[in-house]
>>> print(open('structure_31.pdb').read())   # PDB, C-alpha atoms
ATOM      1  CA  MET A   1     -80.072 -14.051  22.292
ATOM      2  CA  ILE A   2     -78.909 -14.379  25.898
ATOM      3  CA  LEU A   3     -76.298 -17.070  26.611
ATOM      4  CA  GLY A   4     -77.468 -20.047  28.633
ATOM      5  CA  PHE A   5     -74.053 -21.532  29.336
ATOM      6  CA  GLN A   6     -70.391 -20.566  29.219
ATOM      7  CA  SER A   7     -67.182 -22.533  29.148
ATOM      8  CA  ASN A   8     -63.757 -20.928  29.444
ATOM      9  CA  SER A   9     -60.291 -22.393  29.502
ATOM     10  CA  LEU A  10     -56.849 -20.858  29.737
ATOM     11  CA  THR A  11     -53.502 -22.609  29.418
ATOM     12  CA  THR A  12     -50.297 -20.717  30.132
ATOM     13  CA  VAL A  13     -46.686 -21.722  29.582
ATOM     14  CA  GLN A  14     -43.859 -20.198  31.574
ATOM     15  CA  LYS A  15     -40.140 -20.879  31.646
ATOM     16  CA  LEU A  16     -39.272 -21.222  35.343
ATOM     17  CA  GLU A  17     -35.545 -21.756  34.904
ATOM     18  CA  THR A  18     -33.077 -22.863  32.216
ATOM     19  CA  ASN A  19     -34.319 -26.450  31.961
ATOM     20  CA  LEU A  20     -37.724 -26.265  33.607
ATOM     21  CA  TRP A  21     -41.102 -25.127  32.264
ATOM     22  CA  ARG A  22     -44.423 -24.744  34.049
ATOM     23  CA  VAL A  23     -47.713 -25.223  32.222
ATOM     24  CA  VAL A  24     -50.915 -24.250  34.035
ATOM     25  CA  SER A  25     -54.256 -25.233  32.524
ATOM     26  CA  ARG A  26     -57.589 -24.128  33.939
ATOM     27  CA  THR A  27     -61.087 -24.973  32.831
ATOM     28  CA  ASP A  28     -64.283 -23.425  34.085
ATOM     29  CA  ASP A  29     -67.937 -23.847  33.186
ATOM     30  CA  ASP A  30     -71.279 -23.714  34.992
ATOM     31  CA  LEU A  31     -70.819 -27.252  36.335
ATOM     32  CA  TYR A  32     -67.108 -27.735  36.907
ATOM     33  CA  SER A  33     -63.848 -25.948  37.541
ATOM     34  CA  ALA A  34     -60.373 -27.486  37.691
ATOM     35  CA  GLU A  35     -56.717 -26.547  37.511
ATOM     36  CA  LEU A  36     -53.696 -28.539  36.417
ATOM     37  CA  VAL A  37     -50.055 -27.596  37.003
ATOM     38  CA  LEU A  38     -47.374 -29.495  35.110
ATOM     39  CA  ASP A  39     -43.639 -28.930  35.560
ATOM     40  CA  ILE A  40     -41.728 -30.238  32.561
ATOM     41  CA  GLY A  41     -37.982 -30.536  32.120
ATOM     42  CA  THR A  42     -35.951 -29.925  28.986
ATOM     43  CA  PRO A  43     -34.347 -31.204  26.842
ATOM     44  CA  ALA A  44     -36.013 -34.583  27.599
ATOM     45  CA  LEU A  45     -39.472 -32.952  27.876
ATOM     46  CA  ASP A  46     -40.347 -35.255  30.786
ATOM     47  CA  ILE A  47     -42.953 -34.394  33.414
ATOM     48  CA  LYS A  48     -41.240 -33.600  36.722
ATOM     49  CA  ASP A  49     -44.349 -32.817  38.745
ATOM     50  CA  ALA A  50     -48.114 -32.886  38.169
ATOM     51  CA  GLN A  51     -50.740 -31.356  40.446
ATOM     52  CA  PHE A  52     -54.473 -31.418  39.723
ATOM     53  CA  SER A  53     -57.247 -29.884  41.773
ATOM     54  CA  VAL A  54     -60.993 -29.649  41.283
ATOM     55  CA  LYS A  55     -62.161 -26.203  42.385
ATOM     56  CA  ARG A  56     -65.887 -26.701  41.844
ATOM     57  CA  ASP A  57     -67.942 -29.791  41.048
ATOM     58  CA  VAL A  58     -71.662 -29.086  41.045
ATOM     59  CA  LEU A  59     -72.590 -32.692  40.179
ATOM     60  CA  GLY A  60     -70.309 -34.154  42.844
ATOM     61  CA  LEU A  61     -68.856 -36.737  40.461
ATOM     62  CA  ALA A  62     -65.156 -35.810  40.656
ATOM     63  CA  SER A  63     -63.083 -38.108  42.847
ATOM     64  CA  ASP A  64     -59.692 -37.377  44.357
ATOM     65  CA  PHE A  65     -57.335 -38.119  41.471
ATOM     66  CA  SER A  66     -54.111 -37.007  43.232
ATOM     67  CA  PRO A  67     -52.469 -40.484  43.285
ATOM     68  CA  VAL A  68     -53.139 -40.881  39.566
ATOM     69  CA  PHE A  69     -51.284 -37.688  38.755
ATOM     70  CA  GLU A  70     -48.151 -38.884  40.566
ATOM     71  CA  LYS A  71     -47.959 -41.586  37.869
ATOM     72  CA  LEU A  72     -47.510 -38.900  35.218
ATOM     73  CA  VAL A  73     -44.025 -38.090  36.509
ATOM     74  CA  GLY A  74     -41.551 -39.279  33.867
ATOM     75  CA  VAL A  75     -44.040 -39.255  30.979
ATOM     76  CA  ARG A  76     -42.555 -37.419  28.019
ATOM     77  CA  VAL A  77     -44.127 -34.799  25.823
ATOM     78  CA  GLY A  78     -43.991 -36.181  22.299
ATOM     79  CA  SER A  79     -45.235 -38.999  20.130
ATOM     80  CA  GLY A  80     -47.351 -41.580  21.953
ATOM     81  CA  MET A  81     -48.275 -39.191  24.766
ATOM     82  CA  THR A  82     -52.011 -39.355  24.024
ATOM     83  CA  LYS A  83     -52.262 -43.115  24.619
ATOM     84  CA  ILE A  84     -50.046 -42.992  27.701
ATOM     85  CA  VAL A  85     -51.891 -40.089  29.348
ATOM     86  CA  ARG A  86     -55.307 -41.596  28.595
ATOM     87  CA  ALA A  87     -54.200 -44.933  30.032
ATOM     88  CA  ILE A  88     -52.998 -43.286  33.241
ATOM     89  CA  VAL A  89     -55.615 -40.585  33.803
ATOM     90  CA  ALA A  90     -58.779 -41.576  31.942
ATOM     91  CA  ASP A  91     -59.006 -45.354  31.797
ATOM     92  CA  GLU A  92     -60.403 -47.606  34.508
ATOM     93  CA  GLY A  93     -62.852 -45.118  35.943
ATOM     94  CA  GLY A  94     -60.531 -42.134  35.810
ATOM     95  CA  SER A  95     -61.318 -38.713  34.412
ATOM     96  CA  GLY A  96     -61.532 -38.069  30.683
ATOM     97  CA  ARG A  97     -61.772 -34.336  31.323
ATOM     98  CA  ALA A  98     -58.615 -34.372  33.423
ATOM     99  CA  ALA A  99     -56.799 -36.353  30.709
ATOM    100  CA  ASP A 100     -57.865 -33.739  28.151
ATOM    101  CA  LEU A 101     -56.453 -31.016  30.379
ATOM    102  CA  VAL A 102     -53.100 -32.824  30.666
ATOM    103  CA  LEU A 103     -52.889 -33.321  26.892
ATOM    104  CA  GLU A 104     -53.813 -29.691  26.234
ATOM    105  CA  ALA A 105     -51.051 -28.574  28.615
ATOM    106  CA  MET A 106     -48.481 -30.834  26.938
ATOM    107  CA  GLU A 107     -49.500 -29.638  23.477
ATOM    108  CA  MET A 108     -49.217 -25.990  24.513
ATOM    109  CA  LEU A 109     -45.636 -26.588  25.664
ATOM    110  CA  ILE A 110     -44.839 -27.866  22.159
ATOM    111  CA  ASN A 111     -46.487 -24.775  20.684
ATOM    112  CA  ALA A 112     -44.489 -22.536  23.013
ATOM    113  CA  LEU A 113     -41.232 -24.213  22.009
ATOM    114  CA  THR A 114     -41.971 -23.735  18.300
ATOM    115  CA  VAL A 115     -42.882 -20.030  18.558
ATOM    116  CA  PRO A 116     -39.285 -18.713  18.312
ATOM    117  CA  GLN A 117     -38.613 -20.742  15.145
ATOM    118  CA  LEU A 118     -41.925 -19.782  13.533
ATOM    119  CA  ARG A 119     -41.426 -16.140  14.495
ATOM    120  CA  LYS A 120     -37.920 -16.021  13.012
ATOM    121  CA  ALA A 121     -38.977 -17.809   9.826
ATOM    122  CA  THR A 122     -41.961 -15.483   9.404
ATOM    123  CA  GLU A 123     -39.844 -12.372   9.995
ATOM    124  CA  ASP A 124     -37.052 -13.542   7.689
ATOM    125  CA  TYR A 125     -38.974 -15.306   4.941
ATOM    126  CA  GLY A 126     -42.674 -14.473   5.400
ATOM    127  CA  LYS A 127     -44.521 -13.987   2.120
ATOM    128  CA  GLN A 128     -46.876 -11.072   1.796
ATOM    129  CA  VAL A 129     -50.385 -12.302   1.117
ATOM    130  CA  PHE A 130     -53.888 -10.943   0.966
ATOM    131  CA  LEU A 131     -56.714 -13.273   1.915
ATOM    132  CA  GLU A 132     -60.380 -12.468   1.399
ATOM    133  CA  SER A 133     -61.142 -13.965   4.794
ATOM    134  CA  ASP A 134     -59.029 -11.254   6.417
ATOM    135  CA  GLY A 135     -61.491  -8.557   5.388
ATOM    136  CA  PRO A 136     -60.880  -5.452   3.325
ATOM    137  CA  ARG A 137     -59.075  -3.325   5.918
ATOM    138  CA  VAL A 138     -57.556  -5.410   8.715
ATOM    139  CA  PHE A 139     -54.888  -7.974   7.908
ATOM    140  CA  LEU A 140     -54.070 -10.496  10.609
ATOM    141  CA  ASN A 141     -52.113 -12.671   8.181
ATOM    142  CA  ASN A 142     -50.144 -10.022   6.305
ATOM    143  CA  VAL A 143     -47.197 -12.418   6.041
ATOM    144  CA  LEU A 144     -47.273 -16.223   6.055
ATOM    145  CA  LEU A 145     -44.771 -19.013   5.577
ATOM    146  CA  GLY A 146     -44.813 -20.110   1.949
ATOM    147  CA  GLU A 147     -44.473 -23.636   0.569
ATOM    148  CA  GLU A 148     -40.670 -23.578   0.505
ATOM    149  CA  GLN A 149     -40.367 -22.550   4.161
ATOM    150  CA  VAL A 150     -43.088 -25.004   5.215
ATOM    151  CA  ARG A 151     -41.094 -27.848   3.642
ATOM    152  CA  LEU A 152     -37.884 -26.628   5.277
ATOM    153  CA  MET A 153     -39.478 -26.327   8.720
ATOM    154  CA  ALA A 154     -41.127 -29.730   8.416
ATOM    155  CA  GLY A 155     -37.604 -31.108   8.794
ATOM    156  CA  ASN A 156     -37.639 -29.951  12.416
ATOM    157  CA  PRO A 157     -38.819 -32.889  14.583
ATOM    158  CA  ARG A 158     -40.991 -30.572  16.689
ATOM    159  CA  MET A 159     -42.751 -29.230  13.603
ATOM    160  CA  LYS A 160     -42.964 -32.402  11.505
ATOM    161  CA  ASP A 161     -46.523 -33.743  11.468
ATOM    162  CA  SER A 162     -47.450 -31.265  14.235
ATOM    163  CA  CYS A 163     -50.450 -30.196  12.153
ATOM    164  CA  ALA A 164     -51.897 -30.588   8.655
ATOM    165  CA  ALA A 165     -49.621 -27.860   7.274
ATOM    166  CA  PHE A 166     -46.484 -29.837   8.209
ATOM    167  CA  ARG A 167     -47.771 -33.302   7.329
ATOM    168  CA  ASP A 168     -46.837 -35.596   4.416
ATOM    169  CA  LEU A 169     -43.665 -33.670   3.602
TER     170      LEU A 169
ATOM    171  CA  MET B   1     -42.961 -13.813  31.831
ATOM    172  CA  LEU B   2     -45.329 -16.100  30.004
ATOM    173  CA  SER B   3     -44.021 -17.766  26.863
ATOM    174  CA  TYR B   4     -47.424 -18.862  25.574
ATOM    175  CA  ALA B   5     -51.100 -18.642  26.455
ATOM    176  CA  ARG B   6     -54.141 -20.256  24.834
ATOM    177  CA  LEU B   7     -57.612 -18.992  25.680
ATOM    178  CA  LYS B   8     -60.794 -20.744  24.594
ATOM    179  CA  THR B   9     -64.135 -19.170  25.331
ATOM    180  CA  ILE B  10     -67.443 -20.756  24.393
ATOM    181  CA  GLY B  11     -71.075 -19.702  24.749
ATOM    182  CA  VAL B  12     -74.263 -21.698  24.180
ATOM    183  CA  GLN B  13     -77.690 -20.326  23.282
ATOM    184  CA  LYS B  14     -81.036 -22.080  23.266
ATOM    185  CA  GLN B  15     -82.893 -20.951  20.157
ATOM    186  CA  GLY B  16     -86.362 -22.422  20.672
ATOM    187  CA  GLU B  17     -87.082 -26.021  21.673
ATOM    188  CA  ASN B  18     -85.358 -27.667  18.726
ATOM    189  CA  ARG B  19     -82.196 -25.677  18.141
ATOM    190  CA  ARG B  20     -79.020 -24.914  20.074
ATOM    191  CA  VAL B  21     -76.292 -22.583  18.826
ATOM    192  CA  VAL B  22     -72.750 -22.568  20.170
ATOM    193  CA  SER B  23     -70.064 -20.024  19.405
ATOM    194  CA  GLY B  24     -66.384 -20.430  20.215
ATOM    195  CA  VAL B  25     -63.205 -18.417  20.036
ATOM    196  CA  LEU B  26     -59.613 -19.654  20.377
ATOM    197  CA  GLU B  27     -56.713 -17.246  20.732
ATOM    198  CA  ASP B  28     -53.026 -17.857  21.333
ATOM    199  CA  GLU B  29     -49.693 -16.557  20.064
ATOM    200  CA  LEU B  30     -49.871 -18.561  16.843
ATOM    201  CA  TYR B  31     -53.547 -19.135  16.122
ATOM    202  CA  GLY B  32     -56.837 -17.267  16.129
ATOM    203  CA  MET B  33     -59.936 -19.362  15.396
ATOM    204  CA  GLN B  34     -63.657 -18.764  15.555
ATOM    205  CA  CYS B  35     -66.642 -21.006  14.911
ATOM    206  CA  GLU B  36     -70.419 -21.032  15.210
ATOM    207  CA  ILE B  37     -72.344 -24.298  15.153
ATOM    208  CA  ALA B  38     -76.110 -24.885  15.041
ATOM    209  CA  VAL B  39     -77.240 -28.185  16.577
ATOM    210  CA  SER B  40     -80.677 -29.775  16.346
ATOM    211  CA  TRP B  41     -82.354 -30.853  19.589
ATOM    212  CA  PRO B  42     -83.410 -33.221  21.261
ATOM    213  CA  ASP B  43     -81.565 -35.562  18.886
ATOM    214  CA  PRO B  44     -78.322 -33.620  18.638
ATOM    215  CA  VAL B  45     -76.951 -33.418  15.113
ATOM    216  CA  ILE B  46     -74.710 -30.690  13.697
ATOM    217  CA  GLU B  47     -76.990 -28.786  11.314
ATOM    218  CA  THR B  48     -74.707 -25.972  10.202
ATOM    219  CA  ILE B  49     -71.156 -24.931  10.919
ATOM    220  CA  GLN B  50     -69.358 -21.750  10.011
ATOM    221  CA  THR B  51     -65.720 -21.132  10.748
ATOM    222  CA  ARG B  52     -63.224 -18.352  10.453
ATOM    223  CA  MET B  53     -59.502 -18.957  10.673
ATOM    224  CA  LYS B  54     -58.420 -15.542  11.835
ATOM    225  CA  ARG B  55     -54.709 -16.021  12.444
ATOM    226  CA  PHE B  56     -52.397 -18.832  11.384
ATOM    227  CA  THR B  57     -48.854 -19.438  10.192
ATOM    228  CA  THR B  58     -48.631 -20.823   6.661
ATOM    229  CA  THR B  59     -50.184 -20.358   3.236
ATOM    230  CA  ARG B  60     -51.410 -23.969   3.544
ATOM    231  CA  CYS B  61     -53.568 -23.253   6.608
ATOM    232  CA  PRO B  62     -56.551 -21.560   4.937
ATOM    233  CA  LEU B  63     -57.001 -24.614   2.682
ATOM    234  CA  ALA B  64     -58.530 -26.211   5.782
ATOM    235  CA  GLU B  65     -61.606 -23.964   5.577
ATOM    236  CA  LYS B  66     -63.263 -26.225   3.023
ATOM    237  CA  VAL B  67     -62.892 -29.291   5.265
ATOM    238  CA  PHE B  68     -64.919 -28.112   8.276
ATOM    239  CA  VAL B  69     -68.353 -28.220   6.611
ATOM    240  CA  ARG B  70     -67.986 -32.006   6.470
ATOM    241  CA  ALA B  71     -69.224 -31.970  10.078
ATOM    242  CA  GLU B  72     -72.737 -31.007   8.964
ATOM    243  CA  GLY B  73     -74.962 -33.994   9.615
ATOM    244  CA  TRP B  74     -72.696 -35.566  12.257
ATOM    245  CA  LYS B  75     -74.512 -36.953  15.308
ATOM    246  CA  PHE B  76     -73.490 -36.453  18.908
ATOM    247  CA  ASP B  77     -72.346 -39.949  19.870
ATOM    248  CA  GLU B  78     -69.301 -41.646  21.355
ATOM    249  CA  SER B  79     -67.397 -41.336  18.056
ATOM    250  CA  LEU B  80     -67.935 -37.601  17.545
ATOM    251  CA  ASP B  81     -64.755 -36.365  19.269
ATOM    252  CA  SER B  82     -62.448 -38.742  17.425
ATOM    253  CA  ARG B  83     -64.231 -38.055  14.135
ATOM    254  CA  ILE B  84     -63.704 -34.314  14.542
ATOM    255  CA  LYS B  85     -60.064 -34.782  15.496
ATOM    256  CA  LYS B  86     -59.342 -37.229  12.666
ATOM    257  CA  GLU B  87     -61.412 -35.876   9.785
ATOM    258  CA  LEU B  88     -61.330 -32.167  10.561
ATOM    259  CA  GLY B  89     -58.103 -31.986  12.564
ATOM    260  CA  ARG B  90     -55.752 -34.135  10.534
ATOM    261  CA  GLU B  91     -57.095 -33.137   7.143
ATOM    262  CA  GLY B  92     -57.952 -29.539   8.044
ATOM    263  CA  CYS B  93     -56.597 -27.830  11.137
ATOM    264  CA  ARG B  94     -56.060 -29.431  14.545
ATOM    265  CA  HIS B  95     -56.514 -26.116  16.345
ATOM    266  CA  MET B  96     -59.938 -25.453  14.834
ATOM    267  CA  ALA B  97     -60.829 -29.100  15.493
ATOM    268  CA  ALA B  98     -59.910 -28.678  19.168
ATOM    269  CA  LEU B  99     -62.266 -25.703  19.366
ATOM    270  CA  ILE B 100     -65.079 -27.595  17.619
ATOM    271  CA  VAL B 101     -64.711 -30.552  20.022
ATOM    272  CA  ASP B 102     -65.037 -28.209  23.000
ATOM    273  CA  CYS B 103     -68.021 -26.403  21.423
ATOM    274  CA  CYS B 104     -69.956 -29.630  20.843
ATOM    275  CA  ARG B 105     -69.297 -30.832  24.379
ATOM    276  CA  ALA B 106     -70.480 -27.465  25.681
ATOM    277  CA  VAL B 107     -73.849 -27.910  23.927
ATOM    278  CA  ALA B 108     -74.495 -31.156  25.805
ATOM    279  CA  ARG B 109     -73.224 -29.769  29.115
ATOM    280  CA  ALA B 110     -75.394 -26.666  28.658
ATOM    281  CA  GLU B 111     -78.495 -28.827  28.401
ATOM    282  CA  LEU B 112     -77.586 -30.750  31.528
ATOM    283  CA  ALA B 113     -76.828 -27.505  33.407
ATOM    284  CA  ALA B 114     -80.154 -25.958  32.350
ATOM    285  CA  ASP B 115     -82.122 -29.038  33.443
ATOM    286  CA  LEU B 116     -80.180 -29.178  36.723
ATOM    287  CA  ARG B 117     -80.928 -25.532  37.459
ATOM    288  CA  ILE B 118     -84.666 -26.147  37.066
ATOM    289  CA  ALA B 119     -84.549 -29.358  39.110
ATOM    290  CA  MET B 120     -82.651 -27.673  41.961
ATOM    291  CA  GLU B 121     -85.166 -24.840  42.107
ATOM    292  CA  ARG B 122     -87.888 -27.442  42.590
ATOM    293  CA  ASP B 123     -85.865 -29.512  45.048
ATOM    294  CA  PRO B 124     -82.858 -27.870  46.738
ATOM    295  CA  ASP B 125     -81.875 -31.261  48.234
ATOM    296  CA  LEU B 126     -81.891 -32.969  44.844
ATOM    297  CA  ASN B 127     -79.985 -36.239  44.592
ATOM    298  CA  ARG B 128     -77.574 -35.307  41.808
ATOM    299  CA  SER B 129     -76.529 -38.842  40.900
ATOM    300  CA  GLU B 130     -80.178 -39.733  40.337
ATOM    301  CA  PHE B 131     -80.641 -36.535  38.365
ATOM    302  CA  VAL B 132     -77.748 -37.487  36.067
ATOM    303  CA  GLU B 133     -79.179 -40.980  35.542
ATOM    304  CA  ASN B 134     -82.584 -39.462  34.690
ATOM    305  CA  PHE B 135     -80.942 -37.015  32.284
ATOM    306  CA  PHE B 136     -79.241 -39.848  30.416
ATOM    307  CA  GLY B 137     -82.534 -41.704  30.458
ATOM    308  CA  ARG B 138     -84.009 -38.840  28.455
ATOM    309  CA  TYR B 139     -80.942 -38.511  26.207
ATOM    310  CA  PRO B 140     -79.456 -42.026  26.005
ATOM    311  CA  GLY B 141     -77.189 -41.085  23.089
ATOM    312  CA  LEU B 142     -75.353 -38.588  25.270
ATOM    313  CA  LYS B 143     -74.316 -41.035  27.986
ATOM    314  CA  GLU B 144     -71.232 -42.275  26.149
ATOM    315  CA  TYR B 145     -70.545 -38.887  24.600
ATOM    316  CA  MET B 146     -70.442 -36.678  27.679
ATOM    317  CA  ARG B 147     -67.526 -36.769  30.060
ATOM    318  CA  LEU B 148     -68.860 -35.811  33.437
ATOM    319  CA  ARG B 149     -66.093 -37.269  35.576
TER     320      ARG B 149
END
>>> encode(input="structure_31.pdb", output="structure tokens")
Amino acid sequence: MILGFQSNSLTTVQKLETNLWRVVSRTDDDLYSAELVLDIGTPALDIKDAQFSVKRDVLGLASDFSPVFEKLVGVRVGSGMTKIVRAIVADEGGSGRAADLVLEAMEMLINALTVPQLRKATEDYGKQVFLESDGPRVFLNNVLLGEEQVRLMAGNPRMKDSCAAFRDL
Amino acid sequence: MLSYARLKTIGVQKQGENRRVVSGVLEDELYGMQCEIAVSWPDPVIETIQTRMKRFTTTRCPLAEKVFVRAEGWKFDESLDSRIKKELGREGCRHMAALIVDCCRAVARAELAADLRIAMERDPDLNRSEFVENFFGRYPGLKEYMRLR
């Protein structure tokens, strides 16, 4: 069956310098296209700069949200960010889609920061497994973190409660 | 160099007058997720969902697979996003839940885009605000669900 509609999004995380990261999030579908650029400092994980631009808006409903995004400067990536970002970007006639893009970008920075720890733990302590869902010949999950490592890593504030696997530990 | 990249790609099909099917793929350094969802139309309800967690990090992750079918029977309304995030994301996998949220939104947006395409062929100077109001008049349940701004 031929597709009637497509939606694509890409979020990239790049370390610009020692204490500065750039997250770029783009979304594109038949009706709308937008790009968000967030510069985030470490170790505080606070937003240093936020730029948002609508590239295409077929329905003509997107307003100029630039002043709203200036208010994101200083907001920290971490607990409570969802409420804060929604209050700034989405509430009072703002843009729910733009707020989603900001939150996606912030979440991807967290993911990027946890990759080195997850990679090292998997390389050092990964358990060999075979899952039926992986199919009979190709194994995408040849090693996984077992219960002991999951509990150990849940002690890391960036991992704790980050997803169901690291919750209630 | 990039430290991380997440790609989500979603496609929507119209399968007859009363059925829409959406397929989605999420790929990043840590996770690989895939889902297909059949939605009834014109009263959008999730009929069937199938998921595949392709790549993940822990032996706990695949336990989430049994949670996702809970979405069968869920209506498209203003609570759908939070229900997916809470019931499927917190108890299953937040990354699959994020993909499912985007897939469901795409189904509604696809319908609006298809109707808009037809309307613009009939009237190239179409008033798009009026068109949107008329669309929500036909699908009142979608007004609070869709985020057009």
>>> closest_atom_pairs(input="structure_31.pdb", of="chain B", to="chain A", cutoff="7 Å", atoms="all atoms listed in the file", output="Markdown table")
| residue | atom | partner | partner_atom | distance |
| --- | --- | --- | --- | --- |
| B:Met1 | CA | A:Gln14 | CA | 6.5 |
| B:Leu2 | CA | A:Gln14 | CA | 4.6 |
| B:Ser3 | CA | A:Gln14 | CA | 5.3 |
| B:Tyr4 | CA | A:Val13 | CA | 5.0 |
| B:Ala5 | CA | A:Thr12 | CA | 4.3 |
| B:Arg6 | CA | A:Thr11 | CA | 5.2 |
| B:Leu7 | CA | A:Leu10 | CA | 4.5 |
| B:Lys8 | CA | A:Ser9 | CA | 5.2 |
| B:Thr9 | CA | A:Asn8 | CA | 4.5 |
| B:Ile10 | CA | A:Ser7 | CA | 5.1 |
| B:Gly11 | CA | A:Gln6 | CA | 4.6 |
| B:Val12 | CA | A:Phe5 | CA | 5.2 |
| B:Gln13 | CA | A:Leu3 | CA | 4.9 |
| B:Lys14 | CA | A:Gly4 | CA | 6.8 |
| B:Lys54 | CA | A:Leu140 | CA | 6.8 |
| B:Arg55 | CA | A:Leu140 | CA | 5.9 |
| B:Phe56 | CA | A:Asn141 | CA | 6.9 |
| B:Thr57 | CA | A:Leu144 | CA | 5.5 |
| B:Thr58 | CA | A:Leu145 | CA | 4.4 |
| B:Thr59 | CA | A:Gly146 | CA | 5.5 |
| B:Arg60 | CA | A:Ala165 | CA | 5.7 |
| B:Cys61 | CA | A:Ala165 | CA | 6.1 |
| B:Arg90 | CA | A:Ala164 | CA | 5.6 |
| B:Glu91 | CA | A:Ala164 | CA | 6.0 |
| B:Gly92 | CA | A:Ala164 | CA | 6.2 |
| B:Cys93 | CA | A:Ala164 | CA | 6.0 |
| B:Arg94 | CA | A:Cys163 | CA | 6.1 |
| B:Ala106 | CA | A:Ser7 | CA | 6.9 |
| B:Ala110 | CA | A:Phe5 | CA | 5.3 |
| B:Ala113 | CA | A:Leu31 | CA | 6.7 |
| B:Arg128 | CA | A:Leu59 | CA | 5.9 |
| B:Arg147 | CA | A:Gly96 | CA | 6.2 |
| B:Arg149 | CA | A:Ser95 | CA | 5.1 |
>>> residues_around(input="structure_31.pdb", residues="Pro44 of chain B", least_positions_apart="6", cutoff="10 Å", atoms="all atoms listed in the file", output="list in words")
Asn18, Arg19, Arg20, Ala38, Gly73, Trp74, Lys75, Phe76, Asp77, Cys104, Val107, Ala108, Tyr139, Gly141 and Leu142 of chain B
>>> atom_distance(input="structure_31.pdb", atom1="atom CA of Val37 of chain A", atom2="atom CA of Val54 of chain A")
11.9 Å
>>> resolve_selection(input="structure_31.pdb", expression="the PyMOL selection byres ((chain B and resi 51) around 12)", output="number ranges by chain")
A: 133; B: 22-26, 32-38, 48-50, 52-54, 62, 64-71, 88, 92-93, 95-97, 99-100
>>> closest_residue(input="structure_31.pdb", among="A:Leu103, A:Asn156, A:Phe52, A:Asp91", to="Arg76 of chain A", atoms="all atoms listed in the file")
A:Leu103
>>> atom_distance(input="structure_31.pdb", atom1="atom CA of Val68 of chain A", atom2="atom CA of Ile84 of chain A")
12.4 Å
>>> atom_distance(input="structure_31.pdb", atom1="atom CA of Pro43 of chain A", atom2="atom CA of Asn19 of chain A")
7.0 Å
>>> decode(input="structure_31.pdb", residues="segment 84-98 of chain A", atoms="N, CA and C atoms", output="CSV table (one decimal), in the first residue's frame")
chain,number,residue,atom,x,y,z
A,84,ILE,N,8.5,22.8,33.5
A,84,ILE,CA,9.0,24.2,33.2
A,84,ILE,C,8.9,24.5,31.7
A,85,VAL,N,9.4,23.5,30.9
A,85,VAL,CA,9.4,23.8,29.4
A,85,VAL,C,8.0,24.0,28.9
A,86,ARG,N,7.0,23.2,29.4
A,86,ARG,CA,5.7,23.3,28.9
A,86,ARG,C,5.1,24.7,29.4
A,87,ALA,N,5.4,25.1,30.6
A,87,ALA,CA,4.9,26.3,31.1
A,87,ALA,C,5.4,27.5,30.2
A,88,ILE,N,6.7,27.4,29.8
A,88,ILE,CA,7.3,28.5,29.0
A,88,ILE,C,6.9,28.5,27.6
A,89,VAL,N,6.9,27.3,27.0
A,89,VAL,CA,6.8,27.2,25.5
A,89,VAL,C,5.3,26.8,25.0
A,90,ALA,N,4.6,26.0,25.8
A,90,ALA,CA,3.3,25.5,25.3
A,90,ALA,C,2.1,26.3,25.9
A,91,ASP,N,2.2,26.6,27.2
A,91,ASP,CA,1.0,27.2,27.8
A,91,ASP,C,0.7,28.6,27.3
A,92,GLU,N,-0.5,29.0,27.6
A,92,GLU,CA,-1.0,30.4,27.2
A,92,GLU,C,-0.8,30.6,25.7
A,93,GLY,N,-1.3,29.7,24.9
A,93,GLY,CA,-1.3,29.9,23.4
A,93,GLY,C,0.0,29.7,22.7
A,94,GLY,N,0.9,29.1,23.4
A,94,GLY,CA,2.2,28.8,22.8
A,94,GLY,C,2.1,27.6,21.9
A,95,SER,N,3.2,26.9,21.7
A,95,SER,CA,3.3,25.8,20.8
A,95,SER,C,3.6,24.5,21.5
A,96,GLY,N,2.6,23.5,21.5
A,96,GLY,CA,2.9,22.2,22.1
A,96,GLY,C,3.9,21.5,21.3
A,97,ARG,N,3.9,21.6,20.0
A,97,ARG,CA,4.9,20.9,19.2
A,97,ARG,C,6.3,21.4,19.4
A,98,ALA,N,6.4,22.7,19.6
A,98,ALA,CA,7.7,23.3,19.9
A,98,ALA,C,8.2,22.8,21.2
